[in-house]
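data.cif (mmCIF, C-alpha atoms and all ligand atoms)
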data_model
#
loop_
_atom_site.group_PDB
_atom_site.id
_atom_site.type_symbol
_atom_site.label_atom_id
_atom_site.label_comp_id
_atom_site.auth_asym_id
_atom_site.auth_seq_id
_atom_site.Cartn_x
_atom_site.Cartn_y
_atom_site.Cartn_z
ATOM 1 C CA GLU A 153 -40.609 -58.970 -23.904
ATOM 2 C CA ASN A 154 -39.383 -55.530 -22.876
ATOM 3 C CA ALA A 155 -38.680 -53.010 -25.608
ATOM 4 C CA GLN A 156 -35.699 -51.858 -23.583
ATOM 5 C CA PRO A 157 -32.923 -54.470 -23.565
ATOM 6 C CA ARG A 158 -31.566 -55.406 -20.151
ATOM 7 C CA GLU A 159 -27.886 -56.121 -19.641
ATOM 8 C CA TYR A 160 -26.922 -58.864 -17.213
ATOM 9 C CA VAL A 161 -23.504 -59.969 -16.059
ATOM 10 C CA LEU A 162 -23.192 -63.755 -16.392
ATOM 11 C CA ILE A 163 -21.081 -65.078 -13.540
ATOM 12 C CA LYS A 164 -19.101 -68.202 -14.449
ATOM 13 C CA MET A 165 -19.697 -70.541 -11.495
ATOM 14 C CA GLU A 166 -17.266 -73.384 -12.194
ATOM 15 C CA VAL A 167 -18.458 -76.933 -11.609
ATOM 16 C CA ILE A 168 -15.749 -78.676 -9.571
ATOM 17 C CA PRO A 169 -14.816 -82.141 -10.924
ATOM 18 C CA PRO A 170 -15.255 -85.089 -10.662
ATOM 19 C CA PHE A 171 -18.639 -84.775 -12.393
ATOM 20 C CA PRO A 172 -21.679 -86.876 -11.445
ATOM 21 C CA THR A 173 -23.029 -89.432 -13.984
ATOM 22 C CA LYS A 174 -25.382 -86.997 -15.733
ATOM 23 C CA LEU A 175 -22.454 -84.668 -16.461
ATOM 24 C CA LYS A 176 -19.886 -87.353 -17.355
ATOM 25 C CA VAL A 177 -20.054 -86.491 -21.089
ATOM 26 C CA LEU A 178 -18.656 -83.062 -20.160
ATOM 27 C CA GLU A 179 -15.542 -84.441 -18.470
ATOM 28 C CA GLY A 180 -12.330 -82.677 -19.480
ATOM 29 C CA LYS A 181 -14.151 -79.430 -20.297
ATOM 30 C CA ASN A 182 -14.485 -76.253 -18.257
ATOM 31 C CA VAL A 183 -18.125 -76.366 -17.211
ATOM 32 C CA TYR A 184 -19.904 -73.404 -15.578
ATOM 33 C CA LEU A 185 -23.354 -72.671 -14.260
ATOM 34 C CA ALA A 186 -23.864 -69.227 -15.829
ATOM 35 C CA ALA A 187 -25.756 -67.060 -13.317
ATOM 36 C CA ALA A 188 -27.406 -63.822 -14.498
ATOM 37 C CA THR A 189 -27.036 -60.908 -12.089
ATOM 38 C CA LEU A 190 -27.582 -57.147 -12.026
ATOM 39 C CA ARG A 191 -25.388 -56.833 -8.919
ATOM 40 C CA PRO A 192 -21.813 -57.930 -9.764
ATOM 41 C CA GLU A 193 -20.480 -55.927 -6.780
ATOM 42 C CA THR A 194 -22.227 -58.354 -4.409
ATOM 43 C CA MET A 195 -20.334 -61.463 -5.576
ATOM 44 C CA TYR A 196 -18.146 -61.497 -2.436
ATOM 45 C CA GLY A 197 -21.212 -62.576 -0.458
ATOM 46 C CA GLN A 198 -22.293 -65.602 -2.508
ATOM 47 C CA THR A 199 -23.420 -68.514 -0.322
ATOM 48 C CA ASN A 200 -24.951 -70.824 -2.950
ATOM 49 C CA CYS A 201 -26.447 -71.011 -6.430
ATOM 50 C CA TRP A 202 -30.178 -71.368 -7.232
ATOM 51 C CA VAL A 203 -31.687 -73.667 -9.864
ATOM 52 C CA LEU A 204 -35.311 -74.520 -10.661
ATOM 53 C CA PRO A 205 -35.769 -78.248 -9.824
ATOM 54 C CA ASN A 206 -38.179 -78.952 -12.703
ATOM 55 C CA GLY A 207 -36.501 -76.477 -15.029
ATOM 56 C CA ILE A 208 -34.929 -77.751 -18.235
ATOM 57 C CA TYR A 209 -31.349 -76.720 -18.808
ATOM 58 C CA GLY A 210 -28.664 -77.666 -21.304
ATOM 59 C CA ALA A 211 -24.857 -77.732 -21.398
ATOM 60 C CA PHE A 212 -23.959 -75.491 -24.339
ATOM 61 C CA GLU A 213 -20.617 -74.993 -26.085
ATOM 62 C CA ILE A 214 -19.659 -71.321 -25.724
ATOM 63 C CA ASN A 215 -16.214 -71.658 -27.364
ATOM 64 C CA ASP A 216 -13.576 -74.382 -27.740
ATOM 65 C CA ALA A 217 -12.820 -74.353 -24.007
ATOM 66 C CA ASP A 218 -15.975 -73.392 -22.122
ATOM 67 C CA VAL A 219 -19.369 -74.993 -21.607
ATOM 68 C CA PHE A 220 -22.228 -73.060 -19.957
ATOM 69 C CA ILE A 221 -25.194 -74.712 -18.254
ATOM 70 C CA LEU A 222 -28.306 -72.536 -18.743
ATOM 71 C CA THR A 223 -31.728 -72.538 -20.448
ATOM 72 C CA ALA A 224 -31.987 -73.236 -24.208
ATOM 73 C CA ARG A 225 -33.722 -69.877 -24.566
ATOM 74 C CA SER A 226 -30.724 -67.993 -23.164
ATOM 75 C CA ALA A 227 -28.280 -70.188 -25.160
ATOM 76 C CA LEU A 228 -30.018 -69.078 -28.363
ATOM 77 C CA ASN A 229 -29.749 -65.423 -27.349
ATOM 78 C CA LEU A 230 -26.074 -65.920 -26.483
ATOM 79 C CA ALA A 231 -25.452 -67.496 -29.882
ATOM 80 C CA TYR A 232 -26.465 -64.152 -31.431
ATOM 81 C CA GLN A 233 -24.109 -62.312 -29.053
ATOM 82 C CA ASN A 234 -20.914 -64.086 -30.129
ATOM 83 C CA LEU A 235 -21.184 -66.561 -27.274
ATOM 84 C CA SER A 236 -21.537 -69.869 -29.093
ATOM 85 C CA ARG A 237 -18.832 -72.076 -30.625
ATOM 86 C CA VAL A 238 -20.915 -72.196 -33.830
ATOM 87 C CA PRO A 239 -22.100 -68.624 -34.565
ATOM 88 C CA GLU A 240 -25.889 -68.148 -34.311
ATOM 89 C CA LYS A 241 -26.351 -71.829 -33.502
ATOM 90 C CA PRO A 242 -26.328 -73.245 -29.965
ATOM 91 C CA THR A 243 -24.722 -76.689 -29.581
ATOM 92 C CA CYS A 244 -26.148 -78.665 -26.663
ATOM 93 C CA LEU A 245 -23.872 -81.404 -25.311
ATOM 94 C CA ALA A 246 -26.265 -82.637 -22.598
ATOM 95 C CA GLU A 247 -29.822 -81.916 -21.539
ATOM 96 C CA LEU A 248 -30.159 -81.554 -17.770
ATOM 97 C CA SER A 249 -32.957 -80.849 -15.318
ATOM 98 C CA GLY A 250 -32.574 -78.603 -12.316
ATOM 99 C CA ASN A 251 -32.735 -81.734 -10.161
ATOM 100 C CA ASP A 252 -29.578 -83.007 -11.917
ATOM 101 C CA LEU A 253 -27.795 -79.817 -10.830
ATOM 102 C CA ILE A 254 -28.806 -79.729 -7.139
ATOM 103 C CA GLY A 255 -25.755 -80.428 -4.979
ATOM 104 C CA LEU A 256 -23.125 -79.605 -7.599
ATOM 105 C CA PRO A 257 -20.089 -78.056 -5.877
ATOM 106 C CA LEU A 258 -19.105 -74.749 -7.466
ATOM 107 C CA LYS A 259 -16.218 -72.315 -7.371
ATOM 108 C CA SER A 260 -17.528 -68.816 -8.041
ATOM 109 C CA PRO A 261 -15.592 -65.598 -8.731
ATOM 110 C CA LEU A 262 -14.879 -63.290 -5.741
ATOM 111 C CA SER A 263 -16.865 -65.510 -3.344
ATOM 112 C CA PHE A 264 -15.415 -65.696 0.177
ATOM 113 C CA ASN A 265 -16.928 -69.174 0.419
ATOM 114 C CA GLU A 266 -14.493 -71.309 -1.580
ATOM 115 C CA ILE A 267 -17.030 -73.995 -2.431
ATOM 116 C CA ILE A 268 -20.748 -73.299 -2.739
ATOM 117 C CA TYR A 269 -23.574 -75.618 -3.817
ATOM 118 C CA ALA A 270 -26.442 -75.525 -6.288
ATOM 119 C CA LEU A 271 -29.750 -75.548 -4.375
ATOM 120 C CA PRO A 272 -33.457 -75.522 -5.309
ATOM 121 C CA MET A 273 -35.501 -72.321 -5.659
ATOM 122 C CA LEU A 274 -39.079 -72.609 -6.927
ATOM 123 C CA THR A 275 -39.585 -68.941 -7.820
ATOM 124 C CA ILE A 276 -36.971 -68.904 -10.604
ATOM 125 C CA LEU A 277 -38.467 -67.729 -13.897
ATOM 126 C CA THR A 278 -37.381 -69.659 -17.004
ATOM 127 C CA ASP A 279 -38.056 -66.715 -19.339
ATOM 128 C CA LYS A 280 -35.645 -64.338 -17.602
ATOM 129 C CA GLY A 281 -31.843 -64.400 -17.636
ATOM 130 C CA THR A 282 -30.303 -67.872 -17.792
ATOM 131 C CA GLY A 283 -32.548 -69.631 -15.262
ATOM 132 C CA ILE A 284 -29.475 -69.841 -13.005
ATOM 133 C CA VAL A 285 -29.240 -67.335 -10.130
ATOM 134 C CA THR A 286 -26.404 -66.782 -7.700
ATOM 135 C CA SER A 287 -27.458 -66.300 -4.092
ATOM 136 C CA VAL A 288 -26.385 -63.347 -1.949
ATOM 137 C CA PRO A 289 -28.542 -63.442 1.207
ATOM 138 C CA SER A 290 -26.879 -60.355 2.728
ATOM 139 C CA ASP A 291 -28.306 -58.113 0.003
ATOM 140 C CA SER A 292 -31.120 -59.944 -1.794
ATOM 141 C CA PRO A 293 -34.434 -60.403 0.059
ATOM 142 C CA ASP A 294 -35.410 -63.251 -2.323
ATOM 143 C CA ASP A 295 -32.163 -65.093 -1.635
ATOM 144 C CA PHE A 296 -32.385 -64.476 2.102
ATOM 145 C CA MET A 297 -35.933 -65.861 2.402
ATOM 146 C CA ALA A 298 -35.286 -68.882 0.161
ATOM 147 C CA LEU A 299 -32.104 -69.843 1.990
ATOM 148 C CA GLN A 300 -33.671 -69.306 5.404
ATOM 149 C CA ALA A 301 -36.472 -71.718 4.420
ATOM 150 C CA LEU A 302 -33.966 -74.446 3.483
ATOM 151 C CA VAL A 303 -31.964 -73.850 6.653
ATOM 152 C CA THR A 304 -34.934 -73.973 9.029
ATOM 153 C CA LYS A 305 -36.960 -76.759 7.319
ATOM 154 C CA PRO A 306 -35.334 -80.212 7.328
ATOM 155 C CA ALA A 307 -38.384 -81.576 5.449
ATOM 156 C CA LEU A 308 -37.806 -79.102 2.632
ATOM 157 C CA ARG A 309 -34.182 -80.186 2.390
ATOM 158 C CA ALA A 310 -35.238 -83.842 2.360
ATOM 159 C CA LYS A 311 -37.807 -83.199 -0.389
ATOM 160 C CA PHE A 312 -35.085 -81.991 -2.761
ATOM 161 C CA GLY A 313 -32.265 -84.244 -1.547
ATOM 162 C CA VAL A 314 -30.352 -81.299 -0.070
ATOM 163 C CA LYS A 315 -27.653 -82.434 2.349
ATOM 164 C CA ASP A 316 -27.288 -80.506 5.612
ATOM 165 C CA GLU A 317 -23.684 -79.585 4.858
ATOM 166 C CA TRP A 318 -24.741 -77.832 1.626
ATOM 167 C CA VAL A 319 -26.706 -75.190 3.606
ATOM 168 C CA LEU A 320 -25.201 -75.246 7.094
ATOM 169 C CA PRO A 321 -23.790 -73.335 8.829
ATOM 170 C CA PHE A 322 -25.969 -70.443 7.649
ATOM 171 C CA ASP A 323 -23.468 -67.570 7.676
ATOM 172 C CA ILE A 324 -24.539 -64.357 6.032
ATOM 173 C CA ILE A 325 -21.439 -62.461 4.914
ATOM 174 C CA PRO A 326 -21.697 -58.660 5.325
ATOM 175 C CA ILE A 327 -20.445 -56.968 2.143
ATOM 176 C CA ILE A 328 -22.258 -53.623 1.875
ATOM 177 C CA ASP A 329 -23.285 -51.164 4.610
ATOM 178 C CA ILE A 330 -26.418 -49.156 3.874
ATOM 179 C CA PRO A 331 -27.116 -46.272 6.298
ATOM 180 C CA GLY A 332 -30.276 -47.143 8.229
ATOM 181 C CA PHE A 333 -30.220 -50.778 7.056
ATOM 182 C CA GLY A 334 -26.834 -51.968 8.291
ATOM 183 C CA ASP A 335 -24.610 -54.559 6.637
ATOM 184 C CA LYS A 336 -27.235 -57.329 6.341
ATOM 185 C CA SER A 337 -29.865 -55.188 4.666
ATOM 186 C CA ALA A 338 -31.901 -58.070 3.198
ATOM 187 C CA GLU A 339 -32.410 -59.695 6.594
ATOM 188 C CA LYS A 340 -33.275 -56.364 8.228
ATOM 189 C CA VAL A 341 -35.867 -55.403 5.645
ATOM 190 C CA CYS A 342 -37.446 -58.911 5.691
ATOM 191 C CA VAL A 343 -37.728 -58.731 9.498
ATOM 192 C CA ASP A 344 -39.032 -55.135 9.465
ATOM 193 C CA LEU A 345 -41.720 -55.993 6.895
ATOM 194 C CA LYS A 346 -42.522 -59.231 8.788
ATOM 195 C CA ILE A 347 -42.000 -61.313 5.653
ATOM 196 C CA THR A 348 -42.559 -64.955 6.567
ATOM 197 C CA SER A 349 -42.558 -66.632 3.141
ATOM 198 C CA GLN A 350 -40.343 -66.670 0.064
ATOM 199 C CA TYR A 351 -43.594 -66.719 -1.945
ATOM 200 C CA ASP A 352 -44.891 -63.368 -0.598
ATOM 201 C CA LYS A 353 -44.307 -61.574 -3.908
ATOM 202 C CA GLU A 354 -45.771 -58.209 -2.928
ATOM 203 C CA LYS A 355 -43.850 -57.802 0.304
ATOM 204 C CA LEU A 356 -40.638 -59.001 -1.337
ATOM 205 C CA ALA A 357 -41.107 -56.452 -4.113
ATOM 206 C CA GLU A 358 -41.510 -53.787 -1.416
ATOM 207 C CA ALA A 359 -38.375 -55.084 0.356
ATOM 208 C CA LYS A 360 -36.402 -54.780 -2.885
ATOM 209 C CA ARG A 361 -37.725 -51.273 -3.531
ATOM 210 C CA MET A 362 -36.714 -50.177 -0.020
ATOM 211 C CA THR A 363 -33.079 -51.280 -0.343
ATOM 212 C CA TYR A 364 -32.321 -51.011 -4.043
ATOM 213 C CA LEU A 365 -31.934 -47.280 -4.729
ATOM 214 C CA LYS A 366 -30.591 -46.450 -1.273
ATOM 215 C CA GLY A 367 -28.114 -49.320 -1.522
ATOM 216 C CA PHE A 368 -26.856 -48.024 -4.843
ATOM 217 C CA THR A 369 -26.550 -44.348 -3.947
ATOM 218 C CA GLU A 370 -25.622 -44.583 -0.238
ATOM 219 C CA GLY A 371 -24.289 -48.126 0.184
ATOM 220 C CA VAL A 372 -20.599 -48.516 1.002
ATOM 221 C CA MET A 373 -18.481 -51.614 0.310
ATOM 222 C CA VAL A 374 -17.150 -53.133 3.549
ATOM 223 C CA VAL A 375 -15.051 -55.863 1.853
ATOM 224 C CA GLY A 376 -12.839 -56.486 -1.132
ATOM 225 C CA GLU A 377 -10.588 -54.417 -3.300
ATOM 226 C CA TYR A 378 -12.899 -51.383 -3.120
ATOM 227 C CA ASN A 379 -13.535 -51.537 0.635
ATOM 228 C CA GLY A 380 -14.750 -48.104 1.808
ATOM 229 C CA ARG A 381 -15.898 -46.995 -1.665
ATOM 230 C CA LYS A 382 -19.496 -46.228 -2.581
ATOM 231 C CA VAL A 383 -21.398 -49.055 -4.304
ATOM 232 C CA GLU A 384 -22.100 -46.659 -7.152
ATOM 233 C CA GLU A 385 -18.330 -46.310 -7.770
ATOM 234 C CA ALA A 386 -17.327 -49.887 -7.002
ATOM 235 C CA LYS A 387 -19.975 -51.538 -9.172
ATOM 236 C CA PRO A 388 -18.544 -50.674 -12.627
ATOM 237 C CA LEU A 389 -14.984 -51.321 -11.408
ATOM 238 C CA ILE A 390 -15.827 -54.796 -10.104
ATOM 239 C CA LYS A 391 -17.884 -55.552 -13.205
ATOM 240 C CA ASN A 392 -15.016 -54.597 -15.548
ATOM 241 C CA LYS A 393 -12.542 -56.584 -13.513
ATOM 242 C CA LEU A 394 -14.692 -59.729 -13.726
ATOM 243 C CA LEU A 395 -15.046 -59.247 -17.485
ATOM 244 C CA GLU A 396 -11.330 -58.548 -18.069
ATOM 245 C CA GLU A 397 -10.271 -61.595 -16.076
ATOM 246 C CA GLY A 398 -12.629 -63.841 -18.037
ATOM 247 C CA LEU A 399 -14.662 -64.659 -14.923
ATOM 248 C CA ALA A 400 -17.887 -63.233 -16.352
ATOM 249 C CA VAL A 401 -19.453 -62.200 -19.676
ATOM 250 C CA LEU A 402 -22.148 -59.701 -20.650
ATOM 251 C CA TYR A 403 -25.565 -60.888 -21.801
ATOM 252 C CA SER A 404 -28.469 -58.777 -23.062
ATOM 253 C CA GLU A 405 -32.091 -59.716 -23.592
HETATM 254 B B1 LIG B 1 -29.773 -60.418 -8.567
HETATM 255 P P1 LIG B 1 -34.701 -58.350 -13.034
HETATM 256 CL CL1 LIG B 1 -27.632 -59.133 -4.147
HETATM 257 N N1 LIG B 1 -35.676 -65.771 -11.950
HETATM 258 O O1 LIG B 1 -28.383 -60.873 -8.347
HETATM 259 C C1 LIG B 1 -35.701 -65.083 -10.792
HETATM 260 N N2 LIG B 1 -34.748 -64.198 -10.416
HETATM 261 C C2 LIG B 1 -33.721 -64.015 -11.263
HETATM 262 C C3 LIG B 1 -33.616 -64.703 -12.489
HETATM 263 C C4 LIG B 1 -34.654 -65.622 -12.829
HETATM 264 N N3 LIG B 1 -34.635 -66.311 -13.969
HETATM 265 N N4 LIG B 1 -32.476 -64.326 -13.117
HETATM 266 C C5 LIG B 1 -31.885 -63.426 -12.305
HETATM 267 N N5 LIG B 1 -32.625 -63.231 -11.178
HETATM 268 C C6 LIG B 1 -32.347 -62.359 -10.028
HETATM 269 C C7 LIG B 1 -27.928 -60.618 -6.992
HETATM 270 C C8 LIG B 1 -28.956 -59.675 -6.443
HETATM 271 C C9 LIG B 1 -30.027 -59.545 -7.312
HETATM 272 C C10 LIG B 1 -28.920 -58.959 -5.254
HETATM 273 C C11 LIG B 1 -29.967 -58.114 -4.939
HETATM 274 C C12 LIG B 1 -31.059 -57.997 -5.799
HETATM 275 C C13 LIG B 1 -31.095 -58.725 -6.997
HETATM 276 C C14 LIG B 1 -27.840 -61.910 -6.219
HETATM 277 N N6 LIG B 1 -28.990 -62.733 -6.350
HETATM 278 O O2 LIG B 1 -32.138 -58.670 -7.862
HETATM 279 O O3 LIG B 1 -36.097 -58.823 -13.031
HETATM 280 C C15 LIG B 1 -30.903 -61.954 -9.897
HETATM 281 O O4 LIG B 1 -30.628 -61.601 -8.557
HETATM 282 C C16 LIG B 1 -33.277 -57.887 -7.485
HETATM 283 C C17 LIG B 1 -34.377 -58.049 -8.496
HETATM 284 O O5 LIG B 1 -34.014 -58.528 -14.355
HETATM 285 C C18 LIG B 1 -30.773 -60.644 -10.685
HETATM 286 O O6 LIG B 1 -29.886 -59.817 -9.898
HETATM 287 O O7 LIG B 1 -34.605 -56.978 -12.458
HETATM 288 C C19 LIG B 1 -32.187 -60.107 -10.703
HETATM 289 O O8 LIG B 1 -33.060 -61.153 -10.224
HETATM 290 C C20 LIG B 1 -32.650 -59.690 -12.082
HETATM 291 O O9 LIG B 1 -33.996 -59.320 -11.986
#

Written form, C-alpha cells:
Amino acid sequence: ENAQPREYVLIKMEVIPPFPTKLKVLEGKNVYLAAATLRPETMYGQTNCWVLPNGIYGAFEINDADVFILTARSALNLAYQNLSRVPEKPTCLAELSGNDLIGLPLKSPLSFNEIIYALPMLTILTDKGTGIVTSVPSDSPDDFMALQALVTKPALRAKFGVKDEWVLPFDIIPIIDIPGFGDKSAEKVCVDLKITSQYDKEKLAEAKRMTYLKGFTEGVMVVGEYNGRKVEEAKPLIKNKLLEEGLAVLYSE
C-alpha cells in the first residue's frame, strides 16, 4: 500500500433495467457499477465499461437508495468513508463475477453515448480502485488498446460472449485537444510507439507518460460545458459538478 492516499472519483454507471437473472435480487433498487477514475473531465468520451471476467465483485448497499457493484475490498474502504448503509460494515446483497457483468447496459454521467456496455479487460487489478474501470479510448492508451483488440478480433469477442453490437461501431469521440498529439491522443501515441498489444506494459507506461502531463497542462477541452477551457481548469469544475449532482462520489485508498 502507498503511504500517500490516492483520491479517486467513483463514477456511478447506472445499470439499466430489466436486470438479468443474477441481478434479479436487486430489482427496484438503483444499481451502479462504480468506476474509479483520476480523469473525471474525460467522461464525455466514455465508450464502455471494463470488468475483470474472473474477478469477484459484490453488490453493496451504499445508502437506502443506492447499490454499488465493486470489489469487497473497496466496499470495506467505502464503509469507513461514510459510504455504507451500515457504518463501517459493508452489506453485500449479491456476489457476482465479472462474467456476470459482461454485457450489462449502462447509463453513465456526461457520456455522449447514451447506452454503453460492460466488457472484459484482463489487465484490471483487483487491489486498486473498485475493480471497475470506465473506458475512454480517446485519452487512455490502455482503453484504446483493449477496445481495439475486441473490435478487431471476433474470436476474442466470442470467447467472452461479447455481442458485436456492444463494441461496434468503434467510434472514438474526440474530447480533448493536446498540441502535438491532436484530439485522439491515445491512438496517436499507441501508433507512434508501435504498440501492438494491450499487454505491452512498458510501452503503455511510456504512452501514458508522454500524454499525461502535457494533456493536463496544455490540453484543451473540445466538448461540453467547458469547451475551449484548459483541462487544468475544467477538471476541478467537472469533478465538482459530478459530485454536486450526485453522479459521482469521492473515494480514497
Ligand atoms: B483512468 P493509478 Cl482517460 N486496474 O480513468 C487497472 N486500471 C485501473 C483500475 C484497476 N483496478 N482502477 C482504475 N484504473 C485506471 C480514465 C483515464 C485513466 C484516462 C487516461 C488515463 C487514465 C478512463 N479510463 O489512467 O494507478 C483508471 O483509468 C492512467 C493511469 O491509480 C484510472 O484513471 O494511477 C487509473 O487507471 C488509475 O490508475

The PyMOL selection byres (((chain A and resi 176-189) around 6) and not hetatm) applied to the shown file, residues as a VMD selection string = chain A and resid 160 to 167 171 173 to 175 190 to 191 218 to 221 281 to 282 284 to 286

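Remark: for ligand LIG 1 (chain B), the closest of the candidate residues A:Glu377, A:Asp329, A:Glu193, A:Asp352 is A:Glu193 (distances computed over all atoms listed in the file).
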
Find, counting only C-alpha atoms, the residue in A:Val341, A:Ile208, A:Leu235, A:Ile390 that gets nearest to Glu247 of chain A.
->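 Of the candidates, the smallest distance to Glu247 of chain A is held by A:Ile208.
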
Find the spatial neighbours of Lys311 of chain A, counting only C-alpha atoms, within a cut-off of 12 Å - ignore same-chain residues fewer than 3 positions away - and output them as an MDAnalysis selection string.
-> chainID A and resid 205 251 254 271:272 302 305:308 314:315

Using the selection just defined, write its residues with C-alpha atoms as an mmCIF file, in the coordinates of the input.
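Contents of the output file selection09.cif:
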data_model
loop_
_atom_site.group_PDB
_atom_site.id
_atom_site.type_symbol
_atom_site.label_atom_id
_atom_site.label_comp_id
_atom_site.auth_asym_id
_atom_site.auth_seq_id
_atom_site.Cartn_x
_atom_site.Cartn_y
_atom_site.Cartn_z
ATOM 1 C CA PRO A 205 -35.769 -78.248 -9.824
ATOM 2 C CA ASN A 251 -32.735 -81.734 -10.161
ATOM 3 C CA ILE A 254 -28.806 -79.729 -7.139
ATOM 4 C CA LEU A 271 -29.750 -75.548 -4.375
ATOM 5 C CA PRO A 272 -33.457 -75.522 -5.309
ATOM 6 C CA LEU A 302 -33.966 -74.446 3.483
ATOM 7 C CA LYS A 305 -36.960 -76.759 7.319
ATOM 8 C CA PRO A 306 -35.334 -80.212 7.328
ATOM 9 C CA ALA A 307 -38.384 -81.576 5.449
ATOM 10 C CA LEU A 308 -37.806 -79.102 2.632
ATOM 11 C CA VAL A 314 -30.352 -81.299 -0.070
ATOM 12 C CA LYS A 315 -27.653 -82.434 2.349
#

For Val303 of chain A: contacts at 8 Å, all atoms listed in the file, fewer than 5 positions along chain excluded, given as a list in words =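 Within the cut-off, the hits are Arg309, Val319, Leu320 and Phe322 of chain A.
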
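You can rank A:Val401, A:Cys244, A:Asp294, A:Pro192 by their closest distance to Glu358 of chain A using all atoms listed in the file, and at the top of that list sits A:Asp294.
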
Expanded to explicit residues, what is the PyMOL selection byres (((chain A and resi 241) around 12) and not hetatm) for this file, as a VMD selection string?
-> chain A and resid 212 to 215 224 to 240 242 to 244

Atom-to-atom span, atom CA of Phe368 of chain A and atom CA of Ser292 of chain A, Å |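 For atom CA of Phe368 of chain A relative to atom CA of Ser292 of chain A, the distance reads 13.0 Å.
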
Atom CA of Thr369 of chain A to atom CA of Ala338 of chain A, distance in Å rounded to a single decimal = 16.4 Å

What box, with edges along x, y and z, holds each listed atom of ligand LIG 1 (chain B) when 3 Å is added on every side, and can you state its centre and edge lengths in Å to one decimal, as JSON?
{"center_x": -31.9, "center_y": -61.6, "center_z": -9.3, "size_x": 14.5, "size_y": 15.3, "size_z": 16.2}
